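Novice: You'll find model-v6.cif just under this line, and it carries mmCIF, C-alpha atoms and all ligand atoms.
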```cif
data_coords
loop_
_atom_site.label_atom_id
_atom_site.label_comp_id
_atom_site.auth_asym_id
_atom_site.auth_seq_id
_atom_site.Cartn_x
_atom_site.Cartn_y
_atom_site.Cartn_z
CA MET J 1 9.26 -18.85 13.33
CA TRP J 2 8.66 -16.57 10.33
CA GLY J 3 12.23 -15.33 10.30
CA LEU J 4 13.41 -18.87 9.62
CA PHE J 5 12.12 -18.90 6.05
CA PRO J 6 14.98 -18.84 3.58
CA VAL J 7 14.80 -15.95 1.14
CA SER J 8 13.45 -16.90 -2.29
CA LEU J 9 16.12 -15.50 -4.56
CA ALA J 10 14.21 -16.85 -7.55
CA ALA J 11 11.65 -14.10 -7.04
CA VAL J 12 14.19 -11.25 -7.28
CA SER J 13 13.26 -9.25 -10.39
CA ALA J 14 14.35 -6.08 -12.14
CA TYR J 15 10.75 -4.83 -12.03
CA HIS J 16 10.10 -5.44 -8.35
CA THR J 17 11.32 -7.92 -5.79
CA PRO J 18 8.30 -9.26 -3.91
CA VAL J 19 8.46 -8.97 -0.14
CA LEU J 20 7.71 -11.79 2.36
CA ILE J 21 6.97 -14.09 -0.56
CA ASP J 22 7.52 -17.40 1.24
CA GLN J 23 5.35 -16.36 4.16
CA ILE J 24 2.58 -15.21 1.80
CA ALA J 25 2.81 -18.42 -0.25
CA GLY J 26 2.54 -20.36 3.04
CA LEU J 27 -0.62 -18.47 4.02
CA ALA J 28 -2.20 -18.99 0.60
CA ARG J 29 -1.44 -22.72 0.44
CA GLY J 30 -4.57 -24.60 -0.65
CA SER J 31 -6.37 -21.42 -1.81
CA ARG J 32 -8.20 -21.73 -5.12
CA ARG J 33 -9.64 -18.27 -5.80
CA ILE J 34 -7.06 -15.60 -5.18
CA VAL J 35 -7.38 -11.83 -5.55
CA ASP J 36 -4.11 -9.94 -5.89
CA CYS J 37 -5.25 -6.34 -5.36
CA THR J 38 -1.81 -4.88 -6.14
CA VAL J 39 -0.33 -7.21 -8.74
CA GLY J 40 2.60 -4.86 -9.61
CA GLY J 41 5.19 -6.83 -11.57
CA GLY J 42 3.40 -10.10 -10.77
CA GLY J 43 6.05 -11.55 -8.43
CA HIS J 44 3.63 -12.66 -5.71
CA ALA J 45 1.02 -13.62 -8.28
CA GLU J 46 3.46 -15.87 -10.14
CA ARG J 47 4.26 -17.74 -6.94
CA LEU J 48 0.59 -18.01 -5.91
CA LEU J 49 -0.59 -19.31 -9.29
CA GLY J 50 -0.48 -23.04 -8.91
CA GLU J 51 -2.56 -25.57 -10.76
CA ALA J 52 -6.29 -25.05 -10.43
CA VAL J 53 -5.84 -21.58 -8.96
CA GLU J 54 -8.01 -18.81 -10.37
CA LEU J 55 -6.51 -15.36 -10.06
CA LEU J 56 -8.13 -11.94 -10.21
CA ALA J 57 -5.29 -9.46 -10.68
CA ILE J 58 -5.76 -5.75 -10.05
CA ASP J 59 -3.51 -2.70 -10.32
CA ARG J 60 -4.32 0.93 -10.95
CA ASP J 61 -1.06 1.33 -12.90
CA PRO J 62 -1.42 0.19 -16.54
CA GLU J 63 2.38 -0.31 -16.83
CA ALA J 64 2.25 -2.73 -13.89
CA LEU J 65 -0.61 -4.71 -15.36
CA GLU J 66 1.25 -5.00 -18.66
CA ALA J 67 4.41 -6.20 -16.91
CA ALA J 68 2.43 -8.76 -14.91
CA GLN J 69 0.62 -9.96 -18.04
CA ASP J 70 3.96 -10.41 -19.85
CA ARG J 71 5.30 -12.35 -16.89
CA LEU J 72 2.29 -14.58 -16.19
CA GLY J 73 0.50 -14.75 -19.56
CA VAL J 74 -2.75 -12.88 -20.10
CA GLU J 75 -4.81 -16.07 -20.14
CA ARG J 76 -3.77 -17.11 -16.63
CA ALA J 77 -5.80 -14.46 -14.80
CA LYS J 78 -8.67 -12.02 -14.96
CA TRP J 79 -7.31 -8.46 -15.03
CA LEU J 80 -8.61 -5.13 -13.80
CA ASN J 81 -6.74 -1.88 -14.38
CA LEU J 82 -8.49 0.07 -11.61
CA GLY J 83 -7.94 1.18 -8.04
CA PHE J 84 -8.90 -1.61 -5.65
CA ALA J 85 -11.52 0.61 -3.94
CA ASP J 86 -13.26 1.36 -7.24
CA PRO J 87 -16.91 0.16 -7.04
CA ARG J 88 -16.36 -1.94 -10.21
CA VAL J 89 -13.54 -3.79 -8.43
CA LEU J 90 -15.57 -4.30 -5.27
CA ALA J 91 -18.40 -5.77 -7.37
CA ALA J 92 -16.01 -8.01 -9.33
CA VAL J 93 -14.39 -9.29 -6.11
CA ALA J 94 -17.85 -10.00 -4.65
CA ARG J 95 -18.74 -12.10 -7.73
CA PHE J 96 -15.37 -13.87 -7.58
CA ASN J 97 -15.89 -15.22 -4.01
CA PRO J 98 -12.20 -15.31 -3.11
CA ASP J 99 -10.65 -17.54 -0.48
CA PHE J 100 -7.46 -15.45 -0.36
CA VAL J 101 -7.02 -11.69 -0.80
CA LEU J 102 -3.56 -10.13 -0.97
CA MET J 103 -2.76 -6.43 -0.70
CA ASP J 104 0.90 -5.47 -1.06
CA LEU J 105 0.57 -1.73 -0.60
CA GLY J 106 2.64 1.24 -1.70
CA VAL J 107 4.73 1.47 -4.84
CA SER J 108 6.82 -1.03 -6.77
CA GLY J 109 10.57 -0.84 -7.29
CA HIS J 110 9.85 -0.11 -10.95
CA GLN J 111 7.66 2.88 -10.13
CA LEU J 112 10.39 4.26 -7.85
CA ASP J 113 13.16 3.57 -10.36
CA GLU J 114 11.49 5.30 -13.31
CA ASP J 115 12.27 8.99 -12.82
CA HIS J 116 9.55 10.09 -15.25
CA ARG J 117 6.88 8.65 -12.91
CA GLY J 118 7.96 11.25 -10.38
CA PHE J 119 7.97 9.15 -7.18
CA THR J 120 11.64 9.79 -6.52
CA PHE J 121 13.52 12.64 -4.88
CA ARG J 122 16.43 12.13 -7.28
CA PRO J 123 17.26 15.45 -8.99
CA GLY J 124 15.26 16.52 -12.03
CA ALA J 125 12.27 14.20 -11.63
CA PRO J 126 8.84 15.69 -12.31
CA LEU J 127 6.51 16.08 -9.31
CA ASP J 128 4.01 13.52 -10.58
CA MET J 129 3.54 10.44 -8.27
CA ARG J 130 0.28 9.25 -9.85
CA MET J 131 0.02 5.48 -9.66
CA ASN J 132 -2.40 5.73 -12.56
CA PRO J 133 -0.79 8.21 -14.98
CA GLY J 134 -4.28 9.00 -16.32
CA ALA J 135 -5.51 10.27 -12.94
CA ASP J 136 -6.40 13.95 -12.65
CA VAL J 137 -4.27 15.03 -9.70
CA SER J 138 -0.45 14.96 -9.65
CA ALA J 139 1.99 15.86 -6.87
CA ALA J 140 2.54 19.26 -8.52
CA ASP J 141 -1.24 19.84 -8.27
CA VAL J 142 -1.36 18.85 -4.59
CA LEU J 143 1.62 21.08 -3.77
CA GLY J 144 0.40 23.92 -5.99
CA LYS J 145 -3.29 24.02 -5.12
CA SER J 146 -3.81 22.71 -1.57
CA GLY J 147 -4.36 25.33 1.12
CA GLU J 148 -1.62 25.82 3.71
CA ALA J 149 -3.59 23.98 6.44
CA GLU J 150 -4.20 21.02 4.13
CA LEU J 151 -0.50 20.83 3.23
CA ALA J 152 0.40 20.88 6.92
CA ARG J 153 -2.11 18.07 7.55
CA ILE J 154 -0.56 15.98 4.76
CA PHE J 155 2.98 16.34 6.16
CA ARG J 156 1.85 15.80 9.76
CA THR J 157 -0.55 12.90 9.22
CA PHE J 158 1.18 11.00 6.44
CA GLY J 159 4.76 12.12 7.10
CA ASP J 160 4.86 12.29 10.93
CA GLU J 161 6.44 15.74 10.50
CA ARG J 162 6.53 17.84 13.68
CA ARG J 163 7.31 21.04 11.77
CA SER J 164 4.57 20.47 9.22
CA ARG J 165 3.20 24.02 9.50
CA ARG J 166 6.58 25.54 8.81
CA LEU J 167 7.05 23.31 5.76
CA ALA J 168 3.56 24.11 4.46
CA ALA J 169 4.17 27.86 4.88
CA THR J 170 7.49 27.59 3.02
CA ILE J 171 5.82 25.78 0.12
CA VAL J 172 3.03 28.36 -0.09
CA ARG J 173 5.55 31.22 -0.05
CA ARG J 174 7.72 29.60 -2.71
CA ARG J 175 4.85 28.72 -5.03
CA GLN J 176 3.80 32.38 -5.11
CA ARG J 177 7.14 33.10 -6.79
CA SER J 178 7.08 30.08 -9.10
CA GLU J 179 5.28 26.74 -9.34
CA LEU J 180 6.92 23.65 -7.81
CA THR J 181 7.39 21.28 -10.74
CA THR J 182 10.41 19.09 -10.02
CA SER J 183 11.77 16.97 -7.20
CA ASP J 184 14.46 19.64 -6.64
CA ASP J 185 11.75 22.22 -5.89
CA LEU J 186 10.31 20.05 -3.10
CA VAL J 187 13.74 19.00 -1.77
CA ASN J 188 14.80 22.67 -1.65
CA ALA J 189 11.59 23.67 0.15
CA ILE J 190 12.15 20.87 2.70
CA ARG J 191 15.74 22.00 3.26
CA ALA J 192 14.71 25.65 3.57
CA ALA J 193 11.96 24.84 6.08
CA LEU J 194 13.56 22.09 8.13
CA GLY J 195 17.23 23.02 7.93
CA PRO J 196 20.36 21.91 6.08
CA ARG J 197 20.68 18.75 8.18
CA THR J 198 17.69 17.18 6.48
CA GLY J 199 18.72 14.28 4.33
CA PRO J 200 17.52 11.37 2.21
CA SER J 201 15.43 9.76 4.97
CA ASP J 202 13.50 13.04 5.46
CA PHE J 203 13.02 13.47 1.71
CA ALA J 204 11.82 9.86 1.40
CA ARG J 205 9.35 10.29 4.28
CA LEU J 206 7.96 13.61 3.04
CA PHE J 207 7.79 12.56 -0.62
CA GLN J 208 5.91 9.46 0.58
CA ALA J 209 3.46 11.73 2.44
CA VAL J 210 2.73 13.64 -0.77
CA ARG J 211 2.36 10.35 -2.68
CA ILE J 212 -0.19 9.07 -0.15
CA ALA J 213 -2.21 12.27 -0.59
CA VAL J 214 -1.96 12.23 -4.41
CA ASN J 215 -3.28 8.66 -4.59
CA ASP J 216 -5.68 8.94 -1.63
CA GLU J 217 -4.13 5.72 -0.38
CA LEU J 218 -5.49 5.47 3.16
CA ARG J 219 -9.07 6.14 2.12
CA ALA J 220 -8.85 3.43 -0.56
CA LEU J 221 -7.69 0.98 2.10
CA GLU J 222 -10.45 1.94 4.54
CA MET J 223 -13.10 1.56 1.84
CA ALA J 224 -11.87 -1.67 0.29
CA LEU J 225 -11.00 -3.82 3.32
CA PRO J 226 -14.54 -4.13 4.77
CA ALA J 227 -15.93 -4.88 1.30
CA PHE J 228 -13.30 -7.59 0.73
CA LEU J 229 -14.12 -9.17 4.10
CA LYS J 230 -17.76 -9.45 3.03
CA SER J 231 -16.78 -11.05 -0.29
CA LEU J 232 -14.36 -13.54 1.26
CA VAL J 233 -15.63 -17.10 1.73
CA CYS J 234 -15.87 -18.38 5.33
CA GLY J 235 -12.43 -19.52 6.51
CA GLY J 236 -10.77 -17.33 3.85
CA VAL J 237 -7.79 -15.06 4.49
CA ILE J 238 -6.93 -11.40 3.90
CA ALA J 239 -3.19 -10.65 3.99
CA VAL J 240 -1.95 -7.06 3.90
CA VAL J 241 1.66 -5.92 3.57
CA SER J 242 2.09 -2.28 4.52
CA TYR J 243 5.14 -0.01 4.45
CA HIS J 244 3.82 3.05 6.25
CA SER J 245 2.69 3.55 9.84
CA GLY J 246 -0.66 5.09 8.78
CA GLU J 247 -1.45 2.14 6.51
CA ASP J 248 -0.45 -0.33 9.18
CA ARG J 249 -2.55 1.46 11.82
CA THR J 250 -5.60 1.32 9.55
CA VAL J 251 -5.16 -2.41 8.94
CA LYS J 252 -4.45 -3.16 12.60
CA GLN J 253 -7.50 -1.23 13.85
CA LEU J 254 -9.88 -2.80 11.34
CA PHE J 255 -8.60 -6.33 12.00
CA ARG J 256 -8.85 -5.77 15.76
CA GLU J 257 -12.42 -4.55 15.45
CA TRP J 258 -13.39 -7.52 13.25
CA ALA J 259 -11.86 -9.90 15.78
CA SER J 260 -13.82 -8.40 18.70
CA GLU J 261 -16.95 -10.12 19.90
CA CYS J 262 -18.55 -6.85 20.91
CA VAL J 263 -18.08 -3.46 19.28
CA CYS J 264 -20.76 -1.60 21.28
CA PRO J 265 -19.72 1.78 22.71
CA THR J 266 -18.43 1.30 26.27
CA GLY J 267 -21.05 1.72 29.00
CA LEU J 268 -24.02 0.22 27.12
CA PRO J 269 -25.87 -2.06 29.58
CA ILE J 270 -26.75 -4.67 26.93
CA CYS J 271 -24.78 -5.68 23.87
CA SER J 272 -26.65 -4.51 20.80
CA CYS J 273 -24.01 -5.09 18.12
CA ARG J 274 -23.33 -8.24 16.11
CA GLY J 275 -22.20 -9.94 19.33
CA LYS J 276 -19.65 -12.24 17.72
CA ALA J 277 -16.21 -12.00 16.18
CA LEU J 278 -16.02 -12.01 12.40
CA GLY J 279 -12.82 -14.04 12.51
CA LYS J 280 -9.32 -14.05 13.94
CA VAL J 281 -6.10 -12.09 13.58
CA GLU J 282 -3.72 -14.93 12.83
CA PRO J 283 -0.91 -14.75 13.82
CA LYS J 284 -1.63 -12.15 16.51
CA LYS J 285 1.56 -10.18 15.84
CA PRO J 286 2.63 -8.73 12.49
CA ILE J 287 5.08 -10.71 10.40
CA TYR J 288 8.34 -8.95 9.49
CA PRO J 289 10.92 -9.79 6.83
CA SER J 290 14.01 -11.53 8.15
CA GLU J 291 17.37 -9.73 8.33
CA GLN J 292 18.47 -11.95 5.49
CA GLU J 293 15.58 -10.77 3.30
CA VAL J 294 16.30 -7.11 4.11
CA ALA J 295 19.96 -7.64 3.24
CA VAL J 296 18.96 -8.97 -0.20
CA ASN J 297 16.13 -6.45 -0.68
CA PRO J 298 16.57 -3.27 1.41
CA ARG J 299 13.13 -2.02 0.26
CA ALA J 300 11.63 -4.76 2.44
CA ARG J 301 12.89 -3.12 5.65
CA SER J 302 9.69 -1.25 6.50
CA ALA J 303 7.30 -4.08 5.54
CA LYS J 304 4.75 -5.49 8.00
CA LEU J 305 2.37 -8.29 7.11
CA ARG J 306 -0.95 -8.63 8.96
CA VAL J 307 -3.34 -11.50 8.42
CA PHE J 308 -7.05 -11.94 9.14
CA ARG J 309 -8.88 -15.26 8.83
CA LYS J 310 -12.66 -15.00 8.40
CA ALA J 311 -14.68 -17.19 10.75
CA ASP J 312 -16.11 -20.47 9.49
CA ALA J 313 -19.86 -20.49 8.88
CA SER J 314 -21.71 -21.04 12.16
C1 LIG J 401 4.46 -3.01 -3.74
S1 LIG J 401 3.80 -3.01 -5.36
C2 LIG J 401 3.19 -4.64 -5.55
C3 LIG J 401 4.24 -5.58 -6.04
C4 LIG J 401 3.73 -6.96 -6.35
N1 LIG J 401 3.19 -7.62 -5.17
C5 LIG J 401 4.80 -7.81 -6.99
O1 LIG J 401 5.07 -8.91 -6.50
O2 LIG J 401 5.37 -7.36 -8.00
C6 LIG J 401 2.32 -2.13 -5.14
C7 LIG J 401 1.46 -2.02 -6.40
O3 LIG J 401 0.17 -1.70 -5.96
C8 LIG J 401 -0.41 -0.77 -6.83
N2 LIG J 401 -1.40 -0.06 -6.02
C9 LIG J 401 -1.21 0.68 -4.90
N3 LIG J 401 -2.37 1.14 -4.42
C10 LIG J 401 -3.34 0.65 -5.24
C11 LIG J 401 -4.76 0.76 -5.25
N4 LIG J 401 -5.42 1.48 -4.36
N5 LIG J 401 -5.42 0.09 -6.21
C12 LIG J 401 -4.77 -0.65 -7.14
N6 LIG J 401 -3.43 -0.77 -7.20
C13 LIG J 401 -2.72 -0.13 -6.25
C14 LIG J 401 0.74 0.08 -7.31
O4 LIG J 401 0.46 0.65 -8.55
C15 LIG J 401 1.87 -0.95 -7.39
O5 LIG J 401 1.97 -1.50 -8.68
#
```
Produce structure tokens that represent the structure in this file.
Ligand SMILES: C[S@@+](CC[C@H](N)C(=O)[O-])C[C@H]1O[C@@H](n2cnc3c(N)ncnc32)[C@H](O)[C@@H]1O
Specialist:
Amino acid sequence: MWGLFPVSLAAVSAYHTPVLIDQIAGLARGSRRIVDCTVGGGGHAERLLGEAVELLAIDRDPEALEAAQDRLGVERAKWLNLGFADPRVLAAVARFNPDFVLMDLGVSGHQLDEDHRGFTFRPGAPLDMRMNPGADVSAADVLGKSGEAELARIFRTFGDERRSRRLAATIVRRRQRSELTTSDDLVNAIRAALGPRTGPSDFARLFQAVRIAVNDELRALEMALPAFLKSLVCGGVIAVVSYHSGEDRTVKQLFREWASECVCPTGLPICSCRGKALGKVEPKKPIYPSEQEVAVNPRARSAKLRVFRKADAS
């Protein structure tokens, strides 16, 4: 049924084209207090802002917040330029009592397109990748200072790389000669370690792995989701769009656990946990963009939307 939504061409923007926008607007219909945890260029937010909707808009990237403010008007939302797992955000969301929480994870088209932000493997880009350019740790720091085992873990866990140890060893050897500072340095290390047949899809996957480490993305998700569930009103919805298998696994596992009636360790004779589900995964299966959407916006191809509806008060 989801694939039948026509693609909203009106939402296509030079900053970022929002993914699954009609499906997300459908899920949020009737919501009055919406948190957009990853407002980016404000594409989803613009669509979700109807009359009488209050919006709390969050992004750790100041450039994104500025773009969203220009698009929506500063007065139409409350704004927080922080990571969504920051304790100040968790407290603000708790006070806000949302009935709809949206997380559209990863990076925006704008962040990828701006070479100076260093998310790209195009030649000559700095190894930066900080979503918040004021953050302490850049990609060059992660690649320059992490131990070999930690680098291997990053490429294996976040990049699904079988030869992660070989790649980590190559990076460590190369950085003893000279620091890795540009995209070319990482591309050349990947080629040297994994062979000349590596290409753009490998670079994209392994650059993404470094980005996830630089921004500590999975930990932010694991910390924020349970707090947002607590803050959500009964019957409210959390919708998460992920673009990476690790992100999706985290969301899927948490939602599954929340939807279980019993989370006691197996083998306990008597249930001693909360003994009831906190809500429902709805729909049960993830929602994917249609072929038509992917044709218009190829960056949507890896998107998966999962939705959790908090139980009504009992
Ligand atoms: C895919 S874009 C969102 C695009 C947005 N939905 C739109 O319609 O333009 C993801 C955004 O989330 C932000 N982001 C990612 N992780 C974040 C986090 N932990 N806290 C706050 N913002 C985050 C990024 O800076 C980026 O601007």
Novice: Go ahead and compute the interatomic distance for CA of Ile171 (chain J) and CA of Met131 (chain J), in Å to one decimal.
Specialist: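 So the answer is 23.3 Å.
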Novice: Can you write out as CSV which residues of region 63-165 of chain J fall within 12 Å of region 246-254 of chain J, alongside each residue's closest atom pair and its distance in Å to one decimal, counting all atoms listed in the file and ordering rows by chain and ascending residue number?
Specialist:
```
residue,atom,partner,partner_atom,distance
J:Met103,CA,J:Val251,CA,10.7
J:Asp104,CA,J:Glu247,CA,11.0
J:Leu105,CA,J:Glu247,CA,8.3
J:Gly106,CA,J:Glu247,CA,9.2
J:Ile154,CA,J:Gly246,CA,11.6
J:Arg156,CA,J:Gly246,CA,11.0
J:Thr157,CA,J:Gly246,CA,7.8
J:Phe158,CA,J:Gly246,CA,6.6
J:Gly159,CA,J:Gly246,CA,9.0
J:Asp160,CA,J:Gly246,CA,9.3
```
Novice: Can you tell me which residues come within 9 Å of ligand LIG 401 (chain J) when counting all atoms listed in the file, ideally as a PyMOL selection string?
Specialist: chain J and resi 11+13+15-19+21+36-47+58-65+68+80-86+102-111+130-132+215-221+224+241-243
Novice: Take the point (-6.2, 18.9, 1.1) in the file's coordinates, draw a sphere of radius 12 Å around it, and report as a PyMOL selection string every protein, DNA or RNA residue with an atom inside or on it, counting all atoms listed in the file.
Specialist: chain J and resi 137+139+141-155+157+168+210+212-214+216
Novice: Within 10 Å of Ala204 (chain J), counting all atoms listed in the file, which residues show up once you throw out same-chain ones fewer than 6 positions away? Write them as number ranges by chain, please.
Specialist: J: 119-121, 159, 187
Novice: Have a look at CA of Pro298 (chain J) and CA of Phe207 (chain J) and let me know their distance in Å, one decimal.
Specialist: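 Answer for the CA of Pro298 (chain J) to CA of Phe207 (chain J) separation: 18.2 Å.
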Novice: Find the distance between CA of Gly279 (chain J) and CA of Cys234 (chain J) and write it in Å to one decimal.
Specialist: 8.9 Å
Novice: Can you tell me which residues surround Ser272 (chain J) at a distance of at most 9 Å, considering all atoms listed in the file, apart from same-chain residues fewer than 6 positions away, and format the answer as number ranges by chain?
Specialist: J: 262-264
Novice: Tell me which protein, DNA and RNA residues are within 9 Å of Val281 (chain J), counting only C-alpha atoms, leaving out same-chain ones fewer than 3 positions away, and put them as a PyMOL selection string.
Specialist: chain J and resi 255-256+258-259+284-285+306-310
Novice: Which residue is closest to Asn97 (chain J)? Choose from J:Arg197, J:Lys304, J:Lys230, J:Arg71 and count all atoms listed in the file.
Specialist: J:Lys230
Novice: Name the residues in contact with Phe100 (chain J) at a cut-off of 7 Å, using all atoms listed in the file, excluding same-chain residues fewer than 2 positions from it; report them as a list in words.
Specialist: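 The contact residues come out as Ala28, Ser31, Arg33, Ile34, Val35, Pro98, Leu102, Gly236, Val237 and Ile238 of chain J.
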Novice: Kindly indicate which residue among J:Ser183, J:Glu161, J:Leu268, J:Lys276 lies nearest to Met129 (chain J), using all atoms listed in the file for the distances.
Specialist: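 Once distances to Met129 (chain J) are computed over all atoms listed in the file, the minimum belongs to J:Ser183.
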Novice: Nearest to Gly118 (chain J): which of J:Leu186, J:Glu291, J:Ala91, J:Ala77 is it, counting all atoms listed in the file?
Specialist: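 So, comparing all the options, the nearest one is J:Leu186.
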Novice: Restricting the calculation to all atoms listed in the file, which member of J:Val101, J:Leu232, J:Leu225, J:Ala169 is positioned closest to Leu27 (chain J)?
Specialist: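 Result for the nearest residue to Leu27 (chain J): J:Val101.
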Novice: Under the rule that all atoms listed in the file are counted, which of J:Pro226, J:Pro196, J:Gly73, J:Gly50 is the nearest residue to Ala94 (chain J)?
Specialist: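 Answer, going by the shortest atom-to-atom distance: J:Pro226.
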Novice: Using only C-alpha atoms, which residue out of J:Glu114, J:Asp184, J:Ile24, J:Ala189 lies closest to Val172 (chain J)?
Specialist: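 Counting only C-alpha atoms, the residue closest to Val172 (chain J) is J:Ala189.
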Novice: Please provide the set of residues having any atom within 7 Å of Thr182 (chain J), restricted to only C-alpha atoms, with same-chain residues fewer than 6 positions apart removed, written as a VMD selection string.
Specialist: chain J and resid 124 to 127
